[in-house]
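All remarks here apply to the structure that follows.
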There are 2 protein chains.
Amino acid sequence: MSKICSSKTRPSKILVLKILFVILALAGAASMARAANGPDVTQFTLSNGLQVVVIPDHRAPVVTHMIWYKVGAADETPGKSGLAHFLEHLMFKGTVKNPGDTFSQAVAEIGGQENAFTGSDYTGFYQRVPREHLKEMMAFEADRIENLVLTDAVAKPELNVVLEELNMRVENNPSARLGEQIDAALYLNHPYGRPVIGWRHEVEKLTRDDAMAFYRRFYTPNNAIVVVAGDVTPDEVKADAEETYGKVPPRAEIGPRRRPMEPVQEAPRTVTLADARVEQPSLERAYLVPSDTTAKPGESEALDVLADVLGSGSNSLLYRNLVVDKGIALNAGAYYDGTALDYGRFSVYGSPKPGTTLHQLEQGIDAVLADVVEHGVSADELDRAKTRLIADAVYAQDNQATLARWYGAALATGETVDDVRAWPDHIKAVTADAVQAAARHWLDRRRSVTGYLVNSLQSEEKRS
Amino acid sequence: MSKICSSKTRPSKILVLKILFVILALAGAASMARAANGPDVTQFTLSNGLQVVVIPDHRAPVVTHMIWYKVGAADETPGKSGLAHFLEHLMFKGTVKNPGDTFSQAVAEIGGQENAFTGSDYTGFYQRVPREHLKEMMAFEADRIENLVLTDAVAKPELNVVLEELNMRVENNPSARLGEQIDAALYLNHPYGRPVIGWRHEVEKLTRDDAMAFYRRFYTPNNAIVVVAGDVTPDEVKADAEETYGKVPPRAEIGPRRRPMEPVQEAPRTVTLADARVEQPSLERAYLVPSDTTAKPGESEALDVLADVLGSGSNSLLYRNLVVDKGIALNAGAYYDGTALDYGRFSVYGSPKPGTTLHQLEQGIDAVLADVVEHGVSADELDRAKTRLIADAVYAQDNQATLARWYGAALATGETVDDVRAWPDHIKAVTADAVQAAARHWLDRRRSVTGYLVNSLQSEEKRS
């Protein structure tokens, strides 16, 4: 799912994926500037099962090297929430050959950057370094696939770091707290309902042994994807990969990724989170919808366009109607998170102007949605959305790391390189009818949770 | 938890436990009529770990024989919901020695009754037969602990029986559908959020192999409690049990029963279920509260008394206030389900009179709750509730099977025979302060879900 916990940077969970998503267009969109469909992405699989993707980008002598493990918070054993993310942190604790922070020191010494992130479906690590250091990075990553050394002496203090992260990111952030509650209510059965960072009472009990068991089960070359973007050729990458990653034997059998799926959703839900720090009330409604991976052909792209028309920027339907015309909202918008193995999430949100209740704002949002369901979108709205989605993707290609991250996320959630490359063409092919059909079919309140963020439950009660 | 699926009878899920609960008083309450504290319950454990409880009842030459396995729906692997209940059905398919329905035929031939039931925390089987047949019943049950024979040829058709049960009990029952949705929203993390009968899409995929694996893992003498109530002596029962159950070796190690627990609940939720068959809208609010097993001393008994004062019968606060005085409700009440390993559930409910909205009714209910939180209950209300709870228990002792069921449910959810016997004394000891404290502490909307049952989502929208 589209929740990302990064151990070093602190991107907004929604924003990262939102940007990612748009960026992805890029892969294909660069197409417009160069070849038919995006950069010349090459992929191959080593004999130990490791997938490798190479994205050439010769503008600067740097390279972005990422390893994505196809395991995330949704793969945790119930009761061990936060384990995927805890292990991500612990992966920086050193190996037999590279003890302590040898790896991080090496990255720093060559002026590189590194980072890591955990989502519901994947866990990833990356370095951005001068091109000549690629093989060294690969050797470090290959080493820590199998040789992690973990003692209680390093695991226990790191758990406190994780708990402090939970404190900062979630508990001190009313909007993040509401987000957790919305997810918990949106999924009746699927583990996407659990926070990636974990429930505090479970995180507190995670141990070194839990982390090692998870590591042995899921960290294996046949469960990983290496993405290399930068000033390199596929042949160089292949040679380096074989000499480094290629030496790591598979450590575990990886079966199909099957999680408990949702029953038919038939009852709209609400969640109200009161937090004294809330000065500006807001609401967000999340609908359970298909992901890029589970959608029928064209459907997730129709949802992309729908989200853009409805809620991207100050010319969108929600903004124009609620902020500009009616003047009842301070902001309003929509977005679609489709990069996930099992389900996507379509969200609309807004904040009322003083004097307007959340209930009135919600009625306003519902009226805009009902209008799209009934009348669809205009040719002009459709064209502008498609152009913008593809253009955003083109601009995003400027960032090598973002591009690498797009391919990694797509491949880790069940898509293919071809899916990614074809995305701009699929966006171009979206019709007004498809957008209206997506709205009609998927903006179904029975599959939704509406979350209200308020200052106090008493103030919320006044709304109705 | 207080959800029971019985394969043969069809008791309302709430009623059964409610009755059970009240009945329990009986065990101890009979005390008042006889000894100090209830019938002379005897218990012992066989060398293979099987617990046996004997409740003498010499009024008629019959005996109720039950076996309770300490495994229920909350112990299922995620993705296999309904498995505990499916296996309950399959336990009637015969063994090597007693193929097909030999066991059921034997019960019928001696004029006996039999039944079975599944809850979140346990699965049970029982027979009520003439006393001289007790040992025969024990031999049958002992045999099917270890010798179940299951083929696809019998498992597959039984799955259709289960699906039809799901259809009848839940899908054709709007109130049961809402109940499932309330539970799913009440538990953010704990498996009590899953229906005992299972989610249809998961039940449909259950197999014979799933059932056999579950059987081998959990059906073992060291995970079972045999309860015998009736015209027998402990010595007879012990001799019979040793010659039958005593021959069954432990089949599996049983670890502690640990399920994923709830995070701090901090956001009130709502669920709205629309069903065209609903002629009379209603609402139910469920609060997550302690169970008999997890509560601090006296706390669950205070919740029993609180539920009685608030919502049991036409003299209760909710009924008097909303139905009689204000005339805005057709009915209103409250109940507490405390028989569970991990959490209890305190519920208030009501149906509005025509002309009253659900929202107005909810405000009325909240006003009654707020009044109890602020002013507590009167000495008279307290005394009447305590007297009624204990008296109900005394009347209930008339039913041997109910009494046996009470002990079985209590023991299968972590209570002891002494806990059951002491219940009437604990009820007597509840003070008005304790009831007010329970209301103040536990009637906290942040730990609640309010479910609305309506005819259509449009009609519901008018309420606010």
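Chain labels run A, B, ... following the order of the structure tokens; each chain numbers its residues from 1, and ligands are numbered from 1 in the order shown.
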Next item on the list: Compile the residues of chain A that lie within 7 Å of chain B, evaluated using only C-alpha atoms, and express the compilation as a ChimeraX atom specification.
Entry: /A:78-79,184-185,188,199,201,259-260,263,266-273,464
Margin query: Considering only strand (DSSP E) as DSSP defines it on the backbone, what residues of range 247-405 of chain A qualify? List them as a PyMOL selection string.
Written below: chain A and resi 269-274+282-289+329-337+344-352
Check: What lies within 9 Å of Asn48 in chain B using only C-alpha atoms, ignoring chain neighbours under 4 positions off, as a ChimeraX atom specification?
Finding: /B:221-222,245-250
Same residues, C-alpha atoms, output as a tab-separated table (two decimals), in the first residue's frame:
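Printed below is part-v8.tsv as written:
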chain	number	residue	atom	x	y	z
B	221	PRO	CA	-7.26	-33.80	25.51
B	222	ASN	CA	-4.88	-31.23	26.98
B	245	TYR	CA	-11.00	-40.02	27.66
B	246	GLY	CA	-8.08	-41.23	29.73
B	247	LYS	CA	-6.96	-43.48	26.89
B	248	VAL	CA	-6.46	-40.61	24.46
B	249	PRO	CA	-2.86	-39.42	24.43
B	250	PRO	CA	-2.13	-35.72	24.00
